[in-house]
Amino acid sequence: MLPNVLSTDICSLKEGEIRAALVVKIWIDNVGKKTKHCFFRATIKNEIACSYKEAQSAIVDPTNLKSKGKLAELLEPILAVYKLLEKQAKERNPLDLELTEQEFLFDDVGDVISVRSKEKFQSHKIIEEFMILANLCAAETIQKSKISFLYRTHEPPTFEKLPNLKNVAKSLGVNLNFRRKISGQDLNTLLKKAKENNCSDLISLTILRAMSQARYSPDNEGHFGLNLPYYTHFTSPIRRYSDILTHRALIHIHKWDQKSGSRIEQDLFKIGEHLSKTERRSMLAERDTRDRYLASFLKNQIGAEFPAQINGLSKSGVFVRLDEI
């Protein structure tokens, strides 16, 4: 992430504030396929800043709003486009993991008073599909320009990690054939079977453990999880250094700034490796923080009983996931 003063202020689309932006305009047909796109510079004034929960409320009940329906009015065409994009996503068949995210609730002095599963809204999916399409447009434009660039790549699971996944799949009556290259469709078939057997969390976690981690690389190797031939990060608002590189590349391609040059390949390898390492470091820090908060909450629960699922076995013991937390 960029420093806080940038990521939450200057680079943030605050309500009522005017911000400079790079914009992608995308045309889609009546079945949700992208027909063309173009990038341009603009200034944006955000009319309404809202949370995912507020957006979801506007989708579910457009009349129950303090903004007297303005948000619902803005969301109506967005929802219509999302429904078309959703059809295309199903055809593309990206990896459909169902992972539960934890949410910690604190009291006034910072102690954890409760841990619960974070709610998943349709508004999350809408933003996700729009962002994937915008990122795809950026990668496509940069790839066509033939300049050296950092792609967001995601490789299929390595062969060494597949035997455990194969055993779990077999217990659900799904035969994963390793003689050929494993596909996202193979894993989605397994996830569908898991849903029927009420063990989506277990299978999603098992697949996640078998997956390679996404990384930044000048070598375009495609994105396995999204099932896309190329991908990059072009976000709004801009938050990460990888996004800055994408913006610089687009500025260079469109000749909006003559001083803007593309990085030489040697630099890109070094930068890609650095960004991938710092991303992993951030994820480990987040996981460690979560574990500490969870331990702090559970230290007062000694002797309590929780519904749970066994989600892994090893020589050293049994891995158990508590359903509620």
# chains A, B, ... in the order shown; residues from 1 in each chain; ligands from 1

call {"tool": "select_by_dssp", "arguments": {"residues": "segment 93-174 of chain A", "states": "strand (DSSP E)", "output": "PyMOL selection string"}}
result
chain A and resi 102-106+112-117+151-153

call {"tool": "write_last_selection", "arguments": {"atoms": "all heavy atoms", "output": "compact mmCIF listing (two decimals), in the first residue's frame"}}
result
# COMPACT_ATOMS: atom_id res chain seq x y z
N GLN A 102 -13.01 -13.40 8.55
CA GLN A 102 -13.34 -13.08 9.94
C GLN A 102 -13.47 -11.57 10.15
O GLN A 102 -12.76 -10.79 9.52
CB GLN A 102 -12.25 -13.61 10.88
CG GLN A 102 -12.22 -15.11 11.01
CD GLN A 102 -10.96 -15.56 11.72
OE1 GLN A 102 -9.91 -14.96 11.58
NE2 GLN A 102 -11.07 -16.64 12.48
N GLU A 103 -14.37 -11.20 11.05
CA GLU A 103 -14.55 -9.80 11.43
C GLU A 103 -14.47 -9.71 12.95
O GLU A 103 -15.16 -10.43 13.66
CB GLU A 103 -15.90 -9.30 10.92
CG GLU A 103 -16.14 -7.83 11.14
CD GLU A 103 -17.44 -7.36 10.49
OE1 GLU A 103 -18.45 -8.10 10.55
OE2 GLU A 103 -17.44 -6.26 9.92
N PHE A 104 -13.60 -8.83 13.44
CA PHE A 104 -13.42 -8.66 14.89
C PHE A 104 -14.17 -7.42 15.37
O PHE A 104 -14.09 -6.36 14.74
CB PHE A 104 -11.93 -8.51 15.23
CG PHE A 104 -11.13 -9.75 14.95
CD1 PHE A 104 -10.52 -9.94 13.72
CD2 PHE A 104 -10.98 -10.74 15.91
CE1 PHE A 104 -9.79 -11.08 13.44
CE2 PHE A 104 -10.25 -11.88 15.65
CZ PHE A 104 -9.65 -12.06 14.41
N LEU A 105 -14.88 -7.56 16.46
CA LEU A 105 -15.58 -6.41 17.08
C LEU A 105 -14.88 -6.09 18.40
O LEU A 105 -14.59 -6.99 19.19
CB LEU A 105 -17.05 -6.74 17.33
CG LEU A 105 -17.87 -7.10 16.07
CD1 LEU A 105 -19.30 -7.44 16.46
CD2 LEU A 105 -17.86 -5.96 15.07
N PHE A 106 -14.61 -4.79 18.62
CA PHE A 106 -13.84 -4.37 19.78
C PHE A 106 -14.67 -3.50 20.71
O PHE A 106 -15.62 -2.83 20.29
CB PHE A 106 -12.61 -3.56 19.33
CG PHE A 106 -11.69 -4.32 18.43
CD1 PHE A 106 -11.86 -4.30 17.04
CD2 PHE A 106 -10.64 -5.05 18.95
CE1 PHE A 106 -11.01 -5.01 16.21
CE2 PHE A 106 -9.77 -5.75 18.12
CZ PHE A 106 -9.96 -5.73 16.75
N VAL A 112 -11.10 -7.51 22.21
CA VAL A 112 -12.02 -8.21 21.30
C VAL A 112 -13.22 -8.72 22.10
O VAL A 112 -13.06 -9.46 23.07
CB VAL A 112 -11.32 -9.40 20.61
CG1 VAL A 112 -12.27 -10.08 19.64
CG2 VAL A 112 -10.07 -8.93 19.88
N ILE A 113 -14.42 -8.30 21.68
CA ILE A 113 -15.63 -8.77 22.39
C ILE A 113 -16.37 -9.84 21.59
O ILE A 113 -17.17 -10.58 22.13
CB ILE A 113 -16.58 -7.59 22.71
CG1 ILE A 113 -16.90 -6.78 21.44
CG2 ILE A 113 -16.02 -6.72 23.79
CD1 ILE A 113 -17.98 -5.72 21.65
N SER A 114 -16.09 -9.91 20.28
CA SER A 114 -16.74 -10.94 19.48
C SER A 114 -16.03 -11.13 18.15
O SER A 114 -15.40 -10.21 17.65
CB SER A 114 -18.21 -10.53 19.30
OG SER A 114 -18.66 -10.65 18.03
N VAL A 115 -16.09 -12.35 17.65
CA VAL A 115 -15.53 -12.69 16.34
C VAL A 115 -16.65 -13.33 15.54
O VAL A 115 -17.34 -14.22 16.02
CB VAL A 115 -14.35 -13.68 16.46
CG1 VAL A 115 -13.74 -13.94 15.09
CG2 VAL A 115 -13.30 -13.17 17.43
N ARG A 116 -16.84 -12.86 14.31
CA ARG A 116 -17.93 -13.41 13.50
C ARG A 116 -17.51 -13.47 12.03
O ARG A 116 -16.51 -12.86 11.63
CB ARG A 116 -19.19 -12.56 13.66
CG ARG A 116 -19.05 -11.15 13.12
CD ARG A 116 -20.26 -10.30 13.44
NE ARG A 116 -20.14 -8.97 12.84
CZ ARG A 116 -20.92 -7.95 13.12
NH1 ARG A 116 -21.90 -8.10 14.01
NH2 ARG A 116 -20.75 -6.77 12.54
N SER A 117 -18.28 -14.19 11.25
CA SER A 117 -18.03 -14.25 9.81
C SER A 117 -18.52 -12.97 9.16
O SER A 117 -19.62 -12.49 9.45
CB SER A 117 -18.77 -15.45 9.19
OG SER A 117 -18.31 -16.63 9.76
N TYR A 151 2.90 -7.92 -15.33
CA TYR A 151 1.58 -8.55 -15.31
C TYR A 151 1.32 -9.14 -13.92
O TYR A 151 2.25 -9.42 -13.16
CB TYR A 151 1.50 -9.68 -16.34
CG TYR A 151 1.57 -9.20 -17.77
CD1 TYR A 151 2.79 -9.11 -18.44
CD2 TYR A 151 0.42 -8.83 -18.45
CE1 TYR A 151 2.87 -8.67 -19.74
CE2 TYR A 151 0.47 -8.39 -19.76
CZ TYR A 151 1.70 -8.30 -20.40
OH TYR A 151 1.76 -7.85 -21.69
N ARG A 152 0.04 -9.33 -13.62
CA ARG A 152 -0.35 -10.05 -12.41
C ARG A 152 -0.56 -11.49 -12.85
O ARG A 152 -1.53 -11.79 -13.57
CB ARG A 152 -1.63 -9.45 -11.83
CG ARG A 152 -2.14 -10.14 -10.57
CD ARG A 152 -1.23 -9.91 -9.40
NE ARG A 152 -1.87 -10.33 -8.14
CZ ARG A 152 -1.25 -10.35 -6.98
NH1 ARG A 152 0.02 -10.00 -6.89
NH2 ARG A 152 -1.89 -10.73 -5.88
N THR A 153 0.35 -12.37 -12.49
CA THR A 153 0.27 -13.75 -12.97
C THR A 153 -0.12 -14.70 -11.85
O THR A 153 0.17 -14.45 -10.67
CB THR A 153 1.63 -14.21 -13.57
OG1 THR A 153 2.61 -14.24 -12.54
CG2 THR A 153 2.08 -13.26 -14.67

call {"tool": "residues_around", "arguments": {"residues": "Lys181 of chain A", "least_positions_apart": "5", "cutoff": "10 Å", "atoms": "only C-alpha atoms", "output": "JSON, numbers by chain"}}
result
{"A": [156, 157, 159, 186]}

call {"tool": "write_last_selection", "arguments": {"atoms": "C-alpha atoms", "output": "mmCIF file, in the first residue's frame"}}
result
data_model
loop_
_atom_site.group_PDB
_atom_site.id
_atom_site.type_symbol
_atom_site.label_atom_id
_atom_site.label_comp_id
_atom_site.auth_asym_id
_atom_site.auth_seq_id
_atom_site.Cartn_x
_atom_site.Cartn_y
_atom_site.Cartn_z
ATOM 1 C CA PRO A 156 -1.876 -23.571 -11.652
ATOM 2 C CA PRO A 157 -1.243 -25.688 -8.503
ATOM 3 C CA PHE A 159 2.259 -31.192 -8.939
ATOM 4 C CA ASP A 186 -11.840 -29.401 -12.601
#

call {"tool": "closest_residue", "arguments": {"among": "A:Ala49, A:Ser282, A:Leu322, A:Lys270", "to": "Ser12 of chain A", "atoms": "only C-alpha atoms"}}
result
A:Ala49

call {"tool": "select_by_dssp", "arguments": {"residues": "segment 67-310 of chain A", "states": "helix (DSSP H, G or I)", "output": "short mmCIF file (atom, residue, chain, number, x, y, z; two decimals) with N, CA and C atoms, in the first residue's frame"}}
result
data_model
loop_
_atom_site.label_atom_id
_atom_site.label_comp_id
_atom_site.auth_asym_id
_atom_site.auth_seq_id
_atom_site.Cartn_x
_atom_site.Cartn_y
_atom_site.Cartn_z
N LYS A 70 -31.58 8.44 -4.40
CA LYS A 70 -30.52 8.84 -5.32
C LYS A 70 -29.52 7.71 -5.55
N LEU A 71 -29.13 7.05 -4.46
CA LEU A 71 -28.18 5.95 -4.56
C LEU A 71 -28.77 4.80 -5.36
N ALA A 72 -30.04 4.48 -5.09
CA ALA A 72 -30.72 3.40 -5.82
C ALA A 72 -30.81 3.74 -7.31
N GLU A 73 -31.03 5.02 -7.61
CA GLU A 73 -31.13 5.48 -9.00
C GLU A 73 -29.79 5.30 -9.73
N LEU A 74 -28.69 5.63 -9.02
CA LEU A 74 -27.36 5.47 -9.61
C LEU A 74 -27.00 3.99 -9.78
N LEU A 75 -27.49 3.16 -8.86
CA LEU A 75 -27.14 1.74 -8.88
C LEU A 75 -27.92 0.93 -9.92
N GLU A 76 -29.06 1.47 -10.36
CA GLU A 76 -29.93 0.71 -11.28
C GLU A 76 -29.21 0.28 -12.56
N PRO A 77 -28.57 1.20 -13.32
CA PRO A 77 -27.86 0.75 -14.53
C PRO A 77 -26.63 -0.10 -14.20
N ILE A 78 -25.99 0.18 -13.06
CA ILE A 78 -24.82 -0.60 -12.64
C ILE A 78 -25.21 -2.06 -12.40
N LEU A 79 -26.36 -2.25 -11.75
CA LEU A 79 -26.86 -3.60 -11.47
C LEU A 79 -27.21 -4.33 -12.77
N ALA A 80 -27.77 -3.59 -13.72
CA ALA A 80 -28.14 -4.18 -15.01
C ALA A 80 -26.90 -4.67 -15.76
N VAL A 81 -25.83 -3.85 -15.73
CA VAL A 81 -24.58 -4.24 -16.40
C VAL A 81 -23.95 -5.44 -15.68
N TYR A 82 -24.00 -5.43 -14.36
CA TYR A 82 -23.42 -6.53 -13.59
C TYR A 82 -24.07 -7.86 -13.97
N LYS A 83 -25.38 -7.86 -14.14
CA LYS A 83 -26.09 -9.10 -14.48
C LYS A 83 -25.61 -9.67 -15.82
N LEU A 84 -25.26 -8.76 -16.75
CA LEU A 84 -24.71 -9.20 -18.04
C LEU A 84 -23.29 -9.75 -17.86
N LEU A 85 -22.49 -9.03 -17.07
CA LEU A 85 -21.10 -9.46 -16.84
C LEU A 85 -21.06 -10.80 -16.10
N GLU A 86 -22.05 -11.01 -15.22
CA GLU A 86 -22.14 -12.26 -14.46
C GLU A 86 -22.30 -13.45 -15.40
N LYS A 87 -23.08 -13.25 -16.46
CA LYS A 87 -23.27 -14.33 -17.45
C LYS A 87 -21.93 -14.68 -18.11
N GLN A 88 -21.15 -13.64 -18.45
CA GLN A 88 -19.86 -13.87 -19.08
C GLN A 88 -18.89 -14.54 -18.12
N ALA A 89 -18.98 -14.15 -16.84
CA ALA A 89 -18.10 -14.76 -15.82
C ALA A 89 -18.38 -16.26 -15.71
N LYS A 90 -19.66 -16.63 -15.78
CA LYS A 90 -20.01 -18.05 -15.70
C LYS A 90 -19.45 -18.82 -16.90
N GLU A 91 -19.47 -18.18 -18.06
CA GLU A 91 -18.91 -18.81 -19.27
C GLU A 91 -17.39 -18.93 -19.16
N ARG A 92 -16.75 -17.90 -18.58
CA ARG A 92 -15.30 -17.91 -18.42
C ARG A 92 -14.88 -18.96 -17.41
N GLN A 122 -24.02 -8.75 -2.48
CA GLN A 122 -23.98 -8.67 -3.94
C GLN A 122 -23.16 -7.45 -4.37
N SER A 123 -23.19 -6.39 -3.55
CA SER A 123 -22.42 -5.19 -3.87
C SER A 123 -20.92 -5.49 -3.96
N HIS A 124 -20.42 -6.45 -3.17
CA HIS A 124 -19.02 -6.88 -3.27
C HIS A 124 -18.76 -7.48 -4.65
N LYS A 125 -19.66 -8.36 -5.08
CA LYS A 125 -19.50 -9.04 -6.38
C LYS A 125 -19.56 -8.05 -7.54
N ILE A 126 -20.43 -7.03 -7.43
CA ILE A 126 -20.54 -6.02 -8.49
C ILE A 126 -19.20 -5.33 -8.70
N ILE A 127 -18.61 -4.85 -7.60
CA ILE A 127 -17.32 -4.16 -7.69
C ILE A 127 -16.25 -5.11 -8.22
N GLU A 128 -16.29 -6.35 -7.76
CA GLU A 128 -15.30 -7.34 -8.19
C GLU A 128 -15.34 -7.53 -9.70
N GLU A 129 -16.53 -7.72 -10.26
CA GLU A 129 -16.65 -7.95 -11.71
C GLU A 129 -16.24 -6.72 -12.51
N PHE A 130 -16.62 -5.52 -12.03
CA PHE A 130 -16.24 -4.28 -12.72
C PHE A 130 -14.72 -4.10 -12.71
N MET A 131 -14.09 -4.40 -11.55
CA MET A 131 -12.65 -4.23 -11.43
C MET A 131 -11.90 -5.23 -12.31
N ILE A 132 -12.38 -6.47 -12.35
CA ILE A 132 -11.73 -7.48 -13.20
C ILE A 132 -11.75 -7.03 -14.66
N LEU A 133 -12.89 -6.51 -15.10
CA LEU A 133 -13.02 -6.06 -16.49
C LEU A 133 -12.10 -4.87 -16.77
N ALA A 134 -12.04 -3.91 -15.84
CA ALA A 134 -11.16 -2.74 -16.00
C ALA A 134 -9.70 -3.17 -16.05
N ASN A 135 -9.32 -4.10 -15.17
CA ASN A 135 -7.94 -4.60 -15.13
C ASN A 135 -7.59 -5.35 -16.41
N LEU A 136 -8.54 -6.11 -16.92
CA LEU A 136 -8.34 -6.85 -18.17
C LEU A 136 -8.12 -5.88 -19.34
N CYS A 137 -8.90 -4.80 -19.38
CA CYS A 137 -8.75 -3.78 -20.44
C CYS A 137 -7.36 -3.16 -20.40
N ALA A 138 -6.87 -2.87 -19.19
CA ALA A 138 -5.54 -2.28 -19.03
C ALA A 138 -4.47 -3.24 -19.54
N ALA A 139 -4.57 -4.52 -19.14
CA ALA A 139 -3.59 -5.52 -19.57
C ALA A 139 -3.61 -5.70 -21.09
N GLU A 140 -4.81 -5.70 -21.67
CA GLU A 140 -4.96 -5.87 -23.12
C GLU A 140 -4.32 -4.70 -23.88
N THR A 141 -4.58 -3.47 -23.41
CA THR A 141 -4.03 -2.29 -24.07
C THR A 141 -2.50 -2.30 -24.01
N ILE A 142 -1.96 -2.63 -22.83
CA ILE A 142 -0.50 -2.61 -22.66
C ILE A 142 0.15 -3.75 -23.44
N GLN A 143 -0.50 -4.92 -23.47
CA GLN A 143 0.06 -6.05 -24.22
C GLN A 143 0.15 -5.74 -25.71
N LYS A 144 -0.89 -5.09 -26.24
CA LYS A 144 -0.90 -4.74 -27.67
C LYS A 144 0.18 -3.73 -28.03
N SER A 145 0.59 -2.93 -27.05
CA SER A 145 1.60 -1.89 -27.30
C SER A 145 3.01 -2.49 -27.40
N PHE A 159 2.53 -29.75 -9.00
CA PHE A 159 2.26 -31.19 -8.94
C PHE A 159 2.45 -31.73 -7.53
N GLU A 160 3.43 -31.16 -6.79
CA GLU A 160 3.74 -31.64 -5.43
C GLU A 160 2.57 -31.42 -4.47
N LYS A 161 1.75 -30.41 -4.72
CA LYS A 161 0.66 -30.08 -3.81
C LYS A 161 -0.66 -30.77 -4.16
N LEU A 162 -0.67 -31.50 -5.28
CA LEU A 162 -1.93 -32.07 -5.76
C LEU A 162 -2.37 -33.39 -5.11
N PRO A 163 -1.45 -34.28 -4.66
CA PRO A 163 -1.91 -35.56 -4.09
C PRO A 163 -2.93 -35.40 -2.96
N ASN A 164 -2.70 -34.47 -2.03
CA ASN A 164 -3.64 -34.28 -0.92
C ASN A 164 -5.01 -33.84 -1.45
N LEU A 165 -4.99 -32.94 -2.44
CA LEU A 165 -6.23 -32.47 -3.05
C LEU A 165 -6.96 -33.63 -3.75
N LYS A 166 -6.18 -34.50 -4.39
CA LYS A 166 -6.76 -35.65 -5.08
C LYS A 166 -7.46 -36.57 -4.09
N ASN A 167 -6.84 -36.79 -2.92
CA ASN A 167 -7.43 -37.67 -1.90
C ASN A 167 -8.74 -37.10 -1.36
N VAL A 168 -8.74 -35.78 -1.12
CA VAL A 168 -9.96 -35.12 -0.62
C VAL A 168 -11.06 -35.21 -1.67
N ALA A 169 -10.69 -34.98 -2.93
CA ALA A 169 -11.66 -35.05 -4.03
C ALA A 169 -12.25 -36.46 -4.14
N LYS A 170 -11.39 -37.45 -3.97
CA LYS A 170 -11.84 -38.85 -4.08
C LYS A 170 -12.90 -39.18 -3.04
N SER A 171 -12.76 -38.57 -1.83
CA SER A 171 -13.73 -38.82 -0.77
C SER A 171 -15.11 -38.28 -1.13
N GLY A 184 -9.23 -24.89 -13.98
CA GLY A 184 -10.15 -24.28 -13.03
C GLY A 184 -11.49 -25.00 -13.04
N GLN A 185 -11.88 -25.52 -14.20
CA GLN A 185 -13.16 -26.24 -14.31
C GLN A 185 -13.14 -27.51 -13.47
N ASP A 186 -11.98 -28.20 -13.44
CA ASP A 186 -11.84 -29.40 -12.60
C ASP A 186 -12.10 -29.05 -11.13
N LEU A 187 -11.50 -27.93 -10.71
CA LEU A 187 -11.63 -27.51 -9.31
C LEU A 187 -13.03 -27.01 -9.00
N ASN A 188 -13.66 -26.36 -9.97
CA ASN A 188 -15.04 -25.89 -9.78
C ASN A 188 -16.02 -27.05 -9.67
N THR A 189 -15.74 -28.14 -10.41
CA THR A 189 -16.56 -29.36 -10.31
C THR A 189 -16.47 -29.91 -8.89
N LEU A 190 -15.24 -29.88 -8.35
CA LEU A 190 -15.02 -30.35 -6.98
C LEU A 190 -15.74 -29.45 -5.98
N LEU A 191 -15.70 -28.14 -6.21
CA LEU A 191 -16.37 -27.19 -5.31
C LEU A 191 -17.89 -27.35 -5.35
N LYS A 192 -18.41 -27.64 -6.54
CA LYS A 192 -19.86 -27.86 -6.69
C LYS A 192 -20.28 -29.10 -5.91
N LYS A 193 -19.48 -30.14 -5.99
CA LYS A 193 -19.76 -31.38 -5.26
C LYS A 193 -19.66 -31.12 -3.75
N ALA A 194 -18.71 -30.28 -3.36
CA ALA A 194 -18.53 -29.95 -1.94
C ALA A 194 -19.76 -29.22 -1.39
N LYS A 195 -20.33 -28.34 -2.22
CA LYS A 195 -21.53 -27.60 -1.80
C LYS A 195 -22.69 -28.55 -1.57
N GLU A 196 -22.82 -29.54 -2.45
CA GLU A 196 -23.88 -30.54 -2.31
C GLU A 196 -23.71 -31.36 -1.03
N SER A 200 -18.20 -26.96 1.76
CA SER A 200 -17.56 -25.97 0.89
C SER A 200 -16.32 -25.35 1.52
N ASP A 201 -16.42 -25.01 2.82
CA ASP A 201 -15.29 -24.38 3.52
C ASP A 201 -14.05 -25.28 3.49
N LEU A 202 -14.27 -26.55 3.81
CA LEU A 202 -13.16 -27.51 3.85
C LEU A 202 -12.47 -27.62 2.50
N ILE A 203 -13.27 -27.81 1.43
CA ILE A 203 -12.69 -27.99 0.10
C ILE A 203 -12.04 -26.70 -0.40
N SER A 204 -12.67 -25.56 -0.12
CA SER A 204 -12.09 -24.27 -0.53
C SER A 204 -10.72 -24.06 0.12
N LEU A 205 -10.62 -24.39 1.41
CA LEU A 205 -9.34 -24.24 2.12
C LEU A 205 -8.29 -25.21 1.57
N THR A 206 -8.73 -26.44 1.26
CA THR A 206 -7.79 -27.45 0.72
C THR A 206 -7.26 -26.99 -0.64
N ILE A 207 -8.15 -26.46 -1.48
CA ILE A 207 -7.73 -25.95 -2.80
C ILE A 207 -6.79 -24.76 -2.63
N LEU A 208 -7.14 -23.86 -1.68
CA LEU A 208 -6.32 -22.67 -1.44
C LEU A 208 -4.90 -23.07 -1.04
N ARG A 209 -4.79 -24.10 -0.19
CA ARG A 209 -3.46 -24.56 0.24
C ARG A 209 -2.65 -25.14 -0.93
N ALA A 210 -3.36 -25.67 -1.92
CA ALA A 210 -2.67 -26.28 -3.07
C ALA A 210 -2.29 -25.24 -4.12
N TYR A 241 1.79 0.35 -5.52
CA TYR A 241 2.83 0.77 -6.46
C TYR A 241 2.65 0.08 -7.81
N SER A 242 2.16 -1.17 -7.78
CA SER A 242 1.91 -1.89 -9.04
C SER A 242 0.91 -1.14 -9.91
N ASP A 243 -0.08 -0.51 -9.27
CA ASP A 243 -1.08 0.26 -10.02
C ASP A 243 -0.46 1.52 -10.63
N ILE A 244 0.48 2.12 -9.90
CA ILE A 244 1.18 3.31 -10.43
C ILE A 244 1.92 2.94 -11.71
N LEU A 245 2.57 1.77 -11.71
CA LEU A 245 3.29 1.32 -12.91
C LEU A 245 2.33 1.14 -14.08
N THR A 246 1.13 0.63 -13.80
CA THR A 246 0.12 0.46 -14.85
C THR A 246 -0.30 1.82 -15.39
N HIS A 247 -0.54 2.76 -14.50
CA HIS A 247 -0.93 4.11 -14.92
C HIS A 247 0.18 4.75 -15.76
N ARG A 248 1.43 4.59 -15.31
CA ARG A 248 2.56 5.16 -16.07
C ARG A 248 2.65 4.55 -17.47
N ALA A 249 2.43 3.24 -17.54
CA ALA A 249 2.48 2.56 -18.85
C ALA A 249 1.39 3.10 -19.78
N LEU A 250 0.18 3.27 -19.24
CA LEU A 250 -0.94 3.78 -20.06
C LEU A 250 -0.68 5.23 -20.50
N ILE A 251 -0.09 6.03 -19.62
CA ILE A 251 0.27 7.42 -19.97
C ILE A 251 1.32 7.42 -21.08
N HIS A 252 2.29 6.51 -20.98
CA HIS A 252 3.34 6.39 -22.00
C HIS A 252 2.76 5.97 -23.35
N ILE A 253 1.89 4.97 -23.33
CA ILE A 253 1.29 4.45 -24.57
C ILE A 253 0.48 5.53 -25.28
N GLU A 265 13.60 -3.94 -18.92
CA GLU A 265 13.17 -5.26 -18.43
C GLU A 265 13.88 -5.68 -17.15
N GLN A 266 15.16 -5.34 -17.05
CA GLN A 266 15.91 -5.73 -15.86
C GLN A 266 15.28 -5.12 -14.60
N ASP A 267 14.89 -3.86 -14.68
CA ASP A 267 14.24 -3.19 -13.56
C ASP A 267 12.92 -3.86 -13.22
N LEU A 268 12.17 -4.25 -14.24
CA LEU A 268 10.86 -4.84 -14.03
C LEU A 268 10.95 -6.15 -13.27
N PHE A 269 11.93 -6.99 -13.59
CA PHE A 269 12.10 -8.25 -12.86
C PHE A 269 12.36 -7.97 -11.37
N LYS A 270 13.23 -6.97 -11.13
CA LYS A 270 13.59 -6.61 -9.76
C LYS A 270 12.37 -6.04 -9.01
N ILE A 271 11.64 -5.14 -9.69
CA ILE A 271 10.46 -4.51 -9.08
C ILE A 271 9.38 -5.55 -8.82
N GLY A 272 9.13 -6.43 -9.80
CA GLY A 272 8.11 -7.47 -9.66
C GLY A 272 8.40 -8.38 -8.50
N GLU A 273 9.67 -8.76 -8.35
CA GLU A 273 10.08 -9.63 -7.25
C GLU A 273 9.88 -8.92 -5.91
N HIS A 274 10.26 -7.63 -5.86
CA HIS A 274 10.12 -6.84 -4.63
C HIS A 274 8.64 -6.71 -4.23
N LEU A 275 7.77 -6.38 -5.21
CA LEU A 275 6.34 -6.21 -4.92
C LEU A 275 5.71 -7.51 -4.45
N SER A 276 6.10 -8.61 -5.07
CA SER A 276 5.56 -9.92 -4.68
C SER A 276 5.99 -10.28 -3.26
N LYS A 277 7.24 -9.97 -2.91
CA LYS A 277 7.75 -10.26 -1.56
C LYS A 277 7.05 -9.40 -0.52
N THR A 278 6.90 -8.11 -0.80
CA THR A 278 6.26 -7.23 0.19
C THR A 278 4.78 -7.56 0.36
N GLU A 279 4.16 -8.04 -0.72
CA GLU A 279 2.75 -8.47 -0.62
C GLU A 279 2.64 -9.67 0.31
N ARG A 280 3.54 -10.63 0.14
CA ARG A 280 3.53 -11.82 1.01
C ARG A 280 3.80 -11.42 2.47
N ARG A 281 4.73 -10.47 2.66
CA ARG A 281 5.05 -10.00 4.00
C ARG A 281 3.81 -9.35 4.65
N SER A 282 3.09 -8.56 3.87
CA SER A 282 1.87 -7.91 4.37
C SER A 282 0.81 -8.95 4.76
N MET A 283 0.67 -9.98 3.91
CA MET A 283 -0.32 -11.03 4.19
C MET A 283 0.03 -11.78 5.47
N LEU A 284 1.34 -12.06 5.67
CA LEU A 284 1.77 -12.75 6.89
C LEU A 284 1.53 -11.88 8.12
N ALA A 285 1.78 -10.57 7.98
CA ALA A 285 1.55 -9.64 9.10
C ALA A 285 0.06 -9.60 9.46
N GLU A 286 -0.79 -9.59 8.42
CA GLU A 286 -2.24 -9.57 8.63
C GLU A 286 -2.70 -10.85 9.32
N ARG A 287 -2.17 -11.98 8.85
CA ARG A 287 -2.53 -13.28 9.43
C ARG A 287 -2.09 -13.37 10.88
N ASP A 288 -0.87 -12.88 11.17
CA ASP A 288 -0.33 -12.90 12.53
C ASP A 288 -1.19 -12.03 13.46
N THR A 289 -1.60 -10.86 12.97
CA THR A 289 -2.45 -9.95 13.76
C THR A 289 -3.78 -10.61 14.07
N ARG A 290 -4.35 -11.25 13.04
CA ARG A 290 -5.64 -11.94 13.20
C ARG A 290 -5.53 -13.04 14.25
N ASP A 291 -4.42 -13.82 14.17
CA ASP A 291 -4.20 -14.92 15.12
C ASP A 291 -4.07 -14.40 16.55
N ARG A 292 -3.41 -13.26 16.70
CA ARG A 292 -3.21 -12.69 18.04
C ARG A 292 -4.55 -12.21 18.62
N TYR A 293 -5.36 -11.55 17.80
CA TYR A 293 -6.68 -11.10 18.26
C TYR A 293 -7.55 -12.29 18.63
N LEU A 294 -7.47 -13.34 17.81
CA LEU A 294 -8.27 -14.54 18.05
C LEU A 294 -7.84 -15.21 19.36
N ALA A 295 -6.52 -15.30 19.58
CA ALA A 295 -6.01 -15.89 20.82
C ALA A 295 -6.44 -15.06 22.03
N SER A 296 -6.42 -13.73 21.85
CA SER A 296 -6.84 -12.83 22.94
C SER A 296 -8.31 -13.07 23.30
N PHE A 297 -9.13 -13.30 22.28
CA PHE A 297 -10.55 -13.55 22.51
C PHE A 297 -10.76 -14.92 23.17
N LEU A 298 -10.04 -15.93 22.69
CA LEU A 298 -10.25 -17.30 23.16
C LEU A 298 -9.65 -17.58 24.54
#

call {"tool": "closest_residue", "arguments": {"among": "A:Val318, A:Leu2, A:Ile44, A:Phe121", "to": "Ser57 of chain A", "atoms": "only C-alpha atoms"}}
result
A:Phe121

call {"tool": "atom_distance", "arguments": {"atom1": "atom CA of Thr100 of chain A", "atom2": "atom CA of Arg321 of chain A"}}
result
11.3 Å

call {"tool": "closest_residue", "arguments": {"among": "A:Tyr52, A:Cys199, A:Gly32, A:Gln213", "to": "Asp323 of chain A", "atoms": "only C-alpha atoms"}}
result
A:Cys199
